[in-house]
Structures are given as C-alpha cells and as structure tokens.
Amino acid sequence: MKQELVQKAYDIAAERYSAVGVDVEKALSKLQKVPLSLHCWQADDVTGFEQTGGSLTGGIQATGNYPGRARDLQELRADILKVKSLLPGQHRLSLHEIYGDFEGKFVDRDQVEPKHFAGWMDWGKENGMRLDFNSTSFSHPKSGDLSLANPDKGIRDFWIEHTKRCRLISEEMGKAQGDPCIMNLWVHDGSKDLTVNRLQYRQLLKESLDEIFATTYHNMKDCIEAKLFGIGLESYTVGSYDFYLGYGVRNNKIVTLDTGHFHLTERIFDKISSLLLFLPEIMLHVSRPLWWDSDHVTIMNDETLELAKEITRAGALDRVHIGLDYFDASINRVGAYVIGARATQKCLLQALLEPLATLRDFEANGQYFERLALLEEAKSLPWNAVWDMFCARNNVPVGEEFIADIQRYEREVTSKR
Ligand code: RNT
Ligand code: ZN
C-alpha cells in the first residue's frame with residue numbers, strides 16, 4: 001500500500017476522531033504495548049513433540065486436513081516467526097508442555113524439566129518473544145476421563161507431579177525473560193454420562209490444586225481455566241466455571257476465560273468487570289465458538305469487540321492477559337494465526353478509539369438517546385485508517401497485503417512438507 005495513501009487517510013481520521021474528543025496517537029501508543037499471547041498449538045493441530053503416536057484426547061478436536069502442518073520443532077518455530085513478521089506489535093508465545101525439546105527421546109510428563117525448555121528460552125530471547133506456559137493433561141495413556149480429579153491416587157499423583165514440574169518450568173522461563181511467565185492450568189476431567197459423584201471429583205481436584213500451588217513462585221503467575229463440556233465428556237466437567245471462580249477468589253489465582261467455554265447465550269464480556277473486582281488479574285483465551293466450543297479462528301465480531309471494550313472501559317489493559325486459543329486444521333494454519341491475531345488487535349484498537357468521555361457524560365446526564373446515537377456512530381468512524389497506520393509504522397503488511405505473503409510462504413515452505 002502506498003505510504004502517502006495511508007498517511008492521507010490517517011490524517012483525515014485523526015481530525016475526525018479529534019472532533020469526538022479522541023486522540024489517535026494516544027490510542028496507537030497504548031495498542032503498541034499490548035502483547036497477545038500466541039498459542040503455539042494452531043501450527044500443528046495440538047500434536048506436540050512427544051511423538052508417541054497417540055491421537056488428540058481430552059475432549060478437544062482439530063478438524064480438517066489442510067496440508068502443511070508443522071511436524072517438528074524447527075517447522076513450528078519457522079511458522080511462528082512467519083506469523084510474527086506479519087503482526088504489528090510485540091507478542092508472546094504460549095507453549096504447552098508437549099512442545100518441549102525432547103531430542104527424540106521419550107520424556108514422560110512426570111519427568112519433564114526446565115532443561116527441556118532451555119532451547120525455547122534461548123529462542124525466545126533471540127526473537128524477542130516472551131514465553132507463557134501450559135501443563136498438558138490430554139493425549140497421554142494416563143489421561144483417561146480424569147487426571148487431577150482421579151480417585152486413583154497413583155494417577156492423581158502422576159498429574160500432580162506433572163503440574164508441579166510445569167510450574168517450576170514456568171518459573172525458570174519467567175526468570176530467564178525477566179518477566180513473569182503466565183502458566184495456564186486446564187484439565188479435561190469430566191464424565192460422558194451422568195455421575196453420582198459430582199462432589200467427590202471436585203473435592204479431589206481442589207485437593208490436587210492445593211498441593212500443586214503449595215510452592216510460591218515469584219517469576220510465574222498461575223491461571224486456572226474452566227470449561228462447560230468436552231467431546232465425550234458431555235455430562236459433567238469437574239473444573240466448571242463456578243468451581244474455578246470460587247477457587248480463584250479464595251486463593252487469589254488468575255481465572256482464564258475462554259470465549260468458547262460458556263453457554264452460547266452467555267456474554268463473556270460482562271464477566272470482565274466482576275472478575276476485576278475479586279481476582280488479581282484475568283487471562284483470556286480468545287476463540288470463536290460456532291454452536292459449540294468449535295475453536296474456529298477468531299474474527300472481528302461483536303463478541304470480541306465487546307470484550308476489548310470492556311477491558312479498555314475498565315482501564316484494565318495491564319490486568320488482563322490476552323491469549324488466543326483456537327485450532328483450525330482446515331485452512332492455511334499460518335494464515336489462521338494472522339487472521340485471529342490481527343482481528344483481536346483491530347478490536348482492541350476500536351476499543352481504544354471509543355469516544356468514552358463523551359459517552360460517559362451523556363450517561364451521567366441521563367441522555368440515553370445521545371449515548372446510543374454516539375455508540376452507533378462510533379462504529380463507522382474511520383478506525384481502519386488508524387489500523388493501517390499502525391501496521392505501516394510497525395513495518396508489517398498493510399491491509400490485505402499479508403495474504404500474498406502467506407501464499408508465498410505456502411508455495412515455498414508449507415506445501416513442501
Ligand atoms: C480446551 C481449553 C484449553 C486448550 C489448550 C490446548 O478446551 O480451551 O485451553 O485449548 O490448552
Ligand atoms: Zn482455552
């Protein structure tokens with residue numbers, strides 16, 4: 001895109017926004033400081049590098065068989081760097097435990113150590129990407145339907161050990177990068193059909209978590225992620241929203257809101273302000289559920305926009321960590337990252353450009369027609385010209401230009417896999 005064109009449109013937009021009391025430069029400098037935590041698992045359909053030949057379990061599924069998925073550490077890193085080159089701003093990378101550098105050997109989940117992620121820590125430093133982490137309860141012979149909530153003490157202890165080790169790895173990552181590593185804990189535990197022991201499993205999960213969190217660390221932060229149901233685990237989820245909200249409030253843990261993990265008519269954005277009052281911070285897994293937790297690629301839809309607005313309206317960009325979590329195996333996977341990440345950033349930009357002061361004046365004066373009218377008008381203010389400038393200043397493709405970049409990468413790299 002011609003630089004002059006971007007500049008011209010931006011100048012007009014800046015004037016237009018200033019008429020409604022919004023400083024576009026301020027919005028841009030705020031957006032520049034918001035990292036997204038990119039989920040490593042979109043690159044390879046949540047496979048990881050354990051190479052045990054097992055399939056994806058734990059009630060999650062990646063559908064589609066588009067060619068070119070990353071098959072090893074090198075390919076995954078190459079794909080992530082490609083994604084990074086197409087995104088404005090500085091982003092983080094969220095790793096699952098199964099993405100360690102196991103050097104061709106089998107390292108069981110209760111044996112994993114920080115050394116298996118030393119290569120990632122170096123890579124992160126070299127490439128300016130800070131790391132986040134996730135323990136992995138799925139795709140393992142001991143996963144079954146229950147891990148941390150398993151009545152079998154042997155299995156429960158195995159997963160407790162795994163999760164403790166993941167916290168230690170996160171701590172080392174945080175130390176190495178001089179910035180806390182955010183570790184997400186999600187377990188699939190549940191039941192396909194009716195259970196008469198709802199309390200017992202939750203009691204066990206609570207005890208397991210207490211044991212896992214007994215060690216205090218200073219370079220990592222814990223998040224706990226709830227879910228409504230999993231595939232093959234439809235009737236009951238041990239770690240429900242009530243469960244983790246209660247646990248998080250009592251134990252001062254970050255609660256993760258995955259936008260696919262609620263009843264479809266539930267408005268996730270409305271939870272932000274409540275959680276901010278009772279929890280230290282919030283973690284988001286931005287996804288796009290279609291009829292169920294389908295993990296479609298995030299787009300710039302009303303749900304994502306409202307989520308972004310609730311964060312900026314609460315002035316909470318520093319207390320809400322924004323991660324992506326979807327896995328679409330039916331389209332170009334690198335492209336899927338870029339679409340979802342850019343969509344999330346576009347939503348954040350529109351939120352930062354909201355004429356909030358005027359809207360709040362209207363509301364304070366009981367001028368509800370005026371409030372609604374300005375909310376409607378704000379939707380078509382020229383935010384896209386500000387977005388293009390954001391991309392141009394960050395030296396990444398402007399507008400649809402990234403499509404050609406991804407096509408080239410597909411021709412030269414992913415199609416040859
Ligand atoms: C599953 C959760 C969880 C996973 C990743 C792979 O429903 O959303 O966050 O997607 O850990
Ligand atoms: Zn999630």
# chains A, B, ... in the order shown; residues from 1 in each chain; ligands from 1
>>> closest_atom_pairs(of="chain A", to="ligand 1", cutoff="8 Å", atoms="only C-alpha atoms and all ligand atoms", output="JSON lines")
{"residue": "A:Trp41", "atom": "CA", "partner": "ligand 1", "partner_atom_place_in_ligand_line": "6 (C)", "distance": 6.6}
{"residue": "A:Val46", "atom": "CA", "partner": "ligand 1", "partner_atom_place_in_ligand_line": "6 (C)", "distance": 6.4}
{"residue": "A:Gly59", "atom": "CA", "partner": "ligand 1", "partner_atom_place_in_ligand_line": "7 (O)", "distance": 7.4}
{"residue": "A:Ile60", "atom": "CA", "partner": "ligand 1", "partner_atom_place_in_ligand_line": "7 (O)", "distance": 6.0}
{"residue": "A:His96", "atom": "CA", "partner": "ligand 1", "partner_atom_place_in_ligand_line": "11 (O)", "distance": 7.1}
{"residue": "A:Asn134", "atom": "CA", "partner": "ligand 1", "partner_atom_place_in_ligand_line": "11 (O)", "distance": 6.6}
{"residue": "A:Ser135", "atom": "CA", "partner": "ligand 1", "partner_atom_place_in_ligand_line": "11 (O)", "distance": 7.8}
{"residue": "A:Thr136", "atom": "CA", "partner": "ligand 1", "partner_atom_place_in_ligand_line": "11 (O)", "distance": 7.1}
{"residue": "A:Asn184", "atom": "CA", "partner": "ligand 1", "partner_atom_place_in_ligand_line": "9 (O)", "distance": 7.7}
{"residue": "A:Leu185", "atom": "CA", "partner": "ligand 1", "partner_atom_place_in_ligand_line": "11 (O)", "distance": 7.8}
{"residue": "A:Trp186", "atom": "CA", "partner": "ligand 1", "partner_atom_place_in_ligand_line": "3 (C)", "distance": 5.9}
{"residue": "A:Val187", "atom": "CA", "partner": "ligand 1", "partner_atom_place_in_ligand_line": "3 (C)", "distance": 7.9}
{"residue": "A:His188", "atom": "CA", "partner": "ligand 1", "partner_atom_place_in_ligand_line": "1 (C)", "distance": 7.3}
{"residue": "A:Glu225", "atom": "CA", "partner": "ligand 1", "partner_atom_place_in_ligand_line": "9 (O)", "distance": 6.9}
{"residue": "A:Lys227", "atom": "CA", "partner": "ligand 1", "partner_atom_place_in_ligand_line": "7 (O)", "distance": 6.5}
{"residue": "A:Gly230", "atom": "CA", "partner": "ligand 1", "partner_atom_place_in_ligand_line": "7 (O)", "distance": 7.0}
{"residue": "A:Asp258", "atom": "CA", "partner": "ligand 1", "partner_atom_place_in_ligand_line": "8 (O)", "distance": 6.0}
{"residue": "A:Gly260", "atom": "CA", "partner": "ligand 1", "partner_atom_place_in_ligand_line": "8 (O)", "distance": 7.3}
{"residue": "A:His261", "atom": "CA", "partner": "ligand 1", "partner_atom_place_in_ligand_line": "7 (O)", "distance": 7.0}
{"residue": "A:His285", "atom": "CA", "partner": "ligand 1", "partner_atom_place_in_ligand_line": "9 (O)", "distance": 6.9}
{"residue": "A:Asp293", "atom": "CA", "partner": "ligand 1", "partner_atom_place_in_ligand_line": "7 (O)", "distance": 7.3}
{"residue": "A:Asp295", "atom": "CA", "partner": "ligand 1", "partner_atom_place_in_ligand_line": "10 (O)", "distance": 7.9}
{"residue": "A:Asp325", "atom": "CA", "partner": "ligand 1", "partner_atom_place_in_ligand_line": "10 (O)", "distance": 5.7}
{"residue": "A:Tyr326", "atom": "CA", "partner": "ligand 1", "partner_atom_place_in_ligand_line": "10 (O)", "distance": 6.6}
{"residue": "A:Phe327", "atom": "CA", "partner": "ligand 1", "partner_atom_place_in_ligand_line": "10 (O)", "distance": 7.9}
>>> residues_around(residues="A:Tyr99", least_positions_apart="5", cutoff="9 Å", atoms="only C-alpha atoms", output="PyMOL selection string")
chain A and resi 40-41+47-50+73+117
>>> residues_around(residues="A:Glu234", least_positions_apart="2", cutoff="8 Å", atoms="only C-alpha atoms", output="JSON, numbers by chain")
{"A": [190, 191, 192, 193, 229, 230, 231, 232, 236, 237]}
>>> write_last_selection(atoms="all heavy atoms", output="PDB file, in the first residue's frame")
ATOM      1  N   GLY A 190     -13.754 -35.006  33.456  1.00  0.00           N
ATOM      2  CA  GLY A 190     -15.207 -34.961  33.378  1.00  0.00           C
ATOM      3  C   GLY A 190     -15.788 -36.334  33.151  1.00  0.00           C
ATOM      4  O   GLY A 190     -15.096 -37.355  33.253  1.00  0.00           O
ATOM      5  N   SER A 191     -17.066 -36.349  32.802  1.00  0.00           N
ATOM      6  CA  SER A 191     -17.746 -37.618  32.616  1.00  0.00           C
ATOM      7  C   SER A 191     -18.682 -37.536  31.419  1.00  0.00           C
ATOM      8  O   SER A 191     -19.384 -36.540  31.223  1.00  0.00           O
ATOM      9  CB  SER A 191     -18.545 -37.925  33.893  1.00  0.00           C
ATOM     10  OG  SER A 191     -19.428 -38.982  33.667  1.00  0.00           O
ATOM     11  N   LYS A 192     -18.665 -38.575  30.596  1.00  0.00           N
ATOM     12  CA  LYS A 192     -19.535 -38.593  29.413  1.00  0.00           C
ATOM     13  C   LYS A 192     -20.998 -38.636  29.827  1.00  0.00           C
ATOM     14  O   LYS A 192     -21.855 -37.979  29.257  1.00  0.00           O
ATOM     15  CB  LYS A 192     -19.223 -39.816  28.549  1.00  0.00           C
ATOM     16  CG  LYS A 192     -20.105 -39.922  27.309  1.00  0.00           C
ATOM     17  CD  LYS A 192     -19.795 -41.195  26.534  1.00  0.00           C
ATOM     18  CE  LYS A 192     -20.801 -41.422  25.432  1.00  0.00           C
ATOM     19  NZ  LYS A 192     -20.435 -40.701  24.200  1.00  0.00           N
ATOM     20  N   ASP A 193     -21.266 -39.435  30.840  1.00  0.00           N
ATOM     21  CA  ASP A 193     -22.669 -39.594  31.218  1.00  0.00           C
ATOM     22  C   ASP A 193     -22.873 -39.226  32.692  1.00  0.00           C
ATOM     23  O   ASP A 193     -21.926 -38.869  33.392  1.00  0.00           O
ATOM     24  CB  ASP A 193     -23.113 -41.027  30.921  1.00  0.00           C
ATOM     25  CG  ASP A 193     -24.545 -41.048  30.387  1.00  0.00           C
ATOM     26  OD1 ASP A 193     -25.338 -40.173  30.794  1.00  0.00           O
ATOM     27  OD2 ASP A 193     -24.861 -41.939  29.573  1.00  0.00           O
ATOM     28  N   PHE A 229     -18.039 -28.197  28.750  1.00  0.00           N
ATOM     29  CA  PHE A 229     -18.052 -29.640  28.452  1.00  0.00           C
ATOM     30  C   PHE A 229     -16.979 -29.958  27.423  1.00  0.00           C
ATOM     31  O   PHE A 229     -16.460 -29.067  26.751  1.00  0.00           O
ATOM     32  CB  PHE A 229     -19.414 -30.082  27.899  1.00  0.00           C
ATOM     33  CG  PHE A 229     -19.623 -29.667  26.467  1.00  0.00           C
ATOM     34  CD1 PHE A 229     -19.340 -30.562  25.433  1.00  0.00           C
ATOM     35  CD2 PHE A 229     -20.070 -28.399  26.144  1.00  0.00           C
ATOM     36  CE1 PHE A 229     -19.514 -30.179  24.098  1.00  0.00           C
ATOM     37  CE2 PHE A 229     -20.251 -28.018  24.817  1.00  0.00           C
ATOM     38  CZ  PHE A 229     -19.967 -28.904  23.796  1.00  0.00           C
ATOM     39  N   GLY A 230     -16.634 -31.222  27.312  1.00  0.00           N
ATOM     40  CA  GLY A 230     -15.705 -31.667  26.274  1.00  0.00           C
ATOM     41  C   GLY A 230     -16.372 -32.731  25.419  1.00  0.00           C
ATOM     42  O   GLY A 230     -17.392 -33.310  25.814  1.00  0.00           O
ATOM     43  N   ILE A 231     -15.784 -33.030  24.272  1.00  0.00           N
ATOM     44  CA  ILE A 231     -16.332 -34.077  23.413  1.00  0.00           C
ATOM     45  C   ILE A 231     -16.098 -35.421  24.105  1.00  0.00           C
ATOM     46  O   ILE A 231     -14.974 -35.740  24.486  1.00  0.00           O
ATOM     47  CB  ILE A 231     -15.648 -34.084  22.041  1.00  0.00           C
ATOM     48  CG1 ILE A 231     -15.789 -32.710  21.391  1.00  0.00           C
ATOM     49  CG2 ILE A 231     -16.239 -35.160  21.137  1.00  0.00           C
ATOM     50  CD1 ILE A 231     -14.902 -32.546  20.190  1.00  0.00           C
ATOM     51  N   GLY A 232     -17.159 -36.167  24.294  1.00  0.00           N
ATOM     52  CA  GLY A 232     -17.049 -37.441  25.011  1.00  0.00           C
ATOM     53  C   GLY A 232     -17.082 -37.255  26.522  1.00  0.00           C
ATOM     54  O   GLY A 232     -16.969 -38.209  27.276  1.00  0.00           O
ATOM     55  N   TYR A 236     -20.659 -33.851  32.476  1.00  0.00           N
ATOM     56  CA  TYR A 236     -20.127 -33.264  33.711  1.00  0.00           C
ATOM     57  C   TYR A 236     -18.674 -32.838  33.510  1.00  0.00           C
ATOM     58  O   TYR A 236     -17.866 -33.599  32.949  1.00  0.00           O
ATOM     59  CB  TYR A 236     -20.226 -34.323  34.818  1.00  0.00           C
ATOM     60  CG  TYR A 236     -19.446 -34.042  36.084  1.00  0.00           C
ATOM     61  CD1 TYR A 236     -19.858 -33.052  36.984  1.00  0.00           C
ATOM     62  CD2 TYR A 236     -18.313 -34.792  36.411  1.00  0.00           C
ATOM     63  CE1 TYR A 236     -19.144 -32.827  38.163  1.00  0.00           C
ATOM     64  CE2 TYR A 236     -17.610 -34.572  37.585  1.00  0.00           C
ATOM     65  CZ  TYR A 236     -18.016 -33.584  38.455  1.00  0.00           C
ATOM     66  OH  TYR A 236     -17.327 -33.371  39.616  1.00  0.00           O
ATOM     67  N   THR A 237     -18.364 -31.618  33.904  1.00  0.00           N
ATOM     68  CA  THR A 237     -16.983 -31.150  33.885  1.00  0.00           C
ATOM     69  C   THR A 237     -16.591 -30.834  35.320  1.00  0.00           C
ATOM     70  O   THR A 237     -17.249 -30.021  35.976  1.00  0.00           O
ATOM     71  CB  THR A 237     -16.850 -29.869  33.022  1.00  0.00           C
ATOM     72  OG1 THR A 237     -17.246 -30.180  31.688  1.00  0.00           O
ATOM     73  CG2 THR A 237     -15.426 -29.346  33.018  1.00  0.00           C
TER      74      THR A 237
END
>>> closest_residue(among="A:Ser287, A:Ser274, A:Thr304, A:Ser29", to="ligand 2", atoms="only C-alpha atoms and all ligand atoms")
A:Ser287
>>> residues_around(residues="A:Ile224", least_positions_apart="6", cutoff="9 Å", atoms="only C-alpha atoms", output="list in words")
Met183, Asn184, Leu185, Trp186, Gly239, Tyr244, Leu245, Tyr247, Gly248, Lys253, Ile254, Val255, Thr256, Leu257 and Met283 of chain A
>>> select_by_dssp(residues="stretch 9-72 of chain A", states="alpha helix (DSSP H)", output="list in words")
Ala9, Tyr10, Asp11, Ile12, Ala13, Ala14, Glu15, Arg16, Tyr17, Ser18, Ala19, Val24, Glu25, Lys26, Ala27, Leu28, Ser29, Lys30, Leu31 and Gln32 of chain A
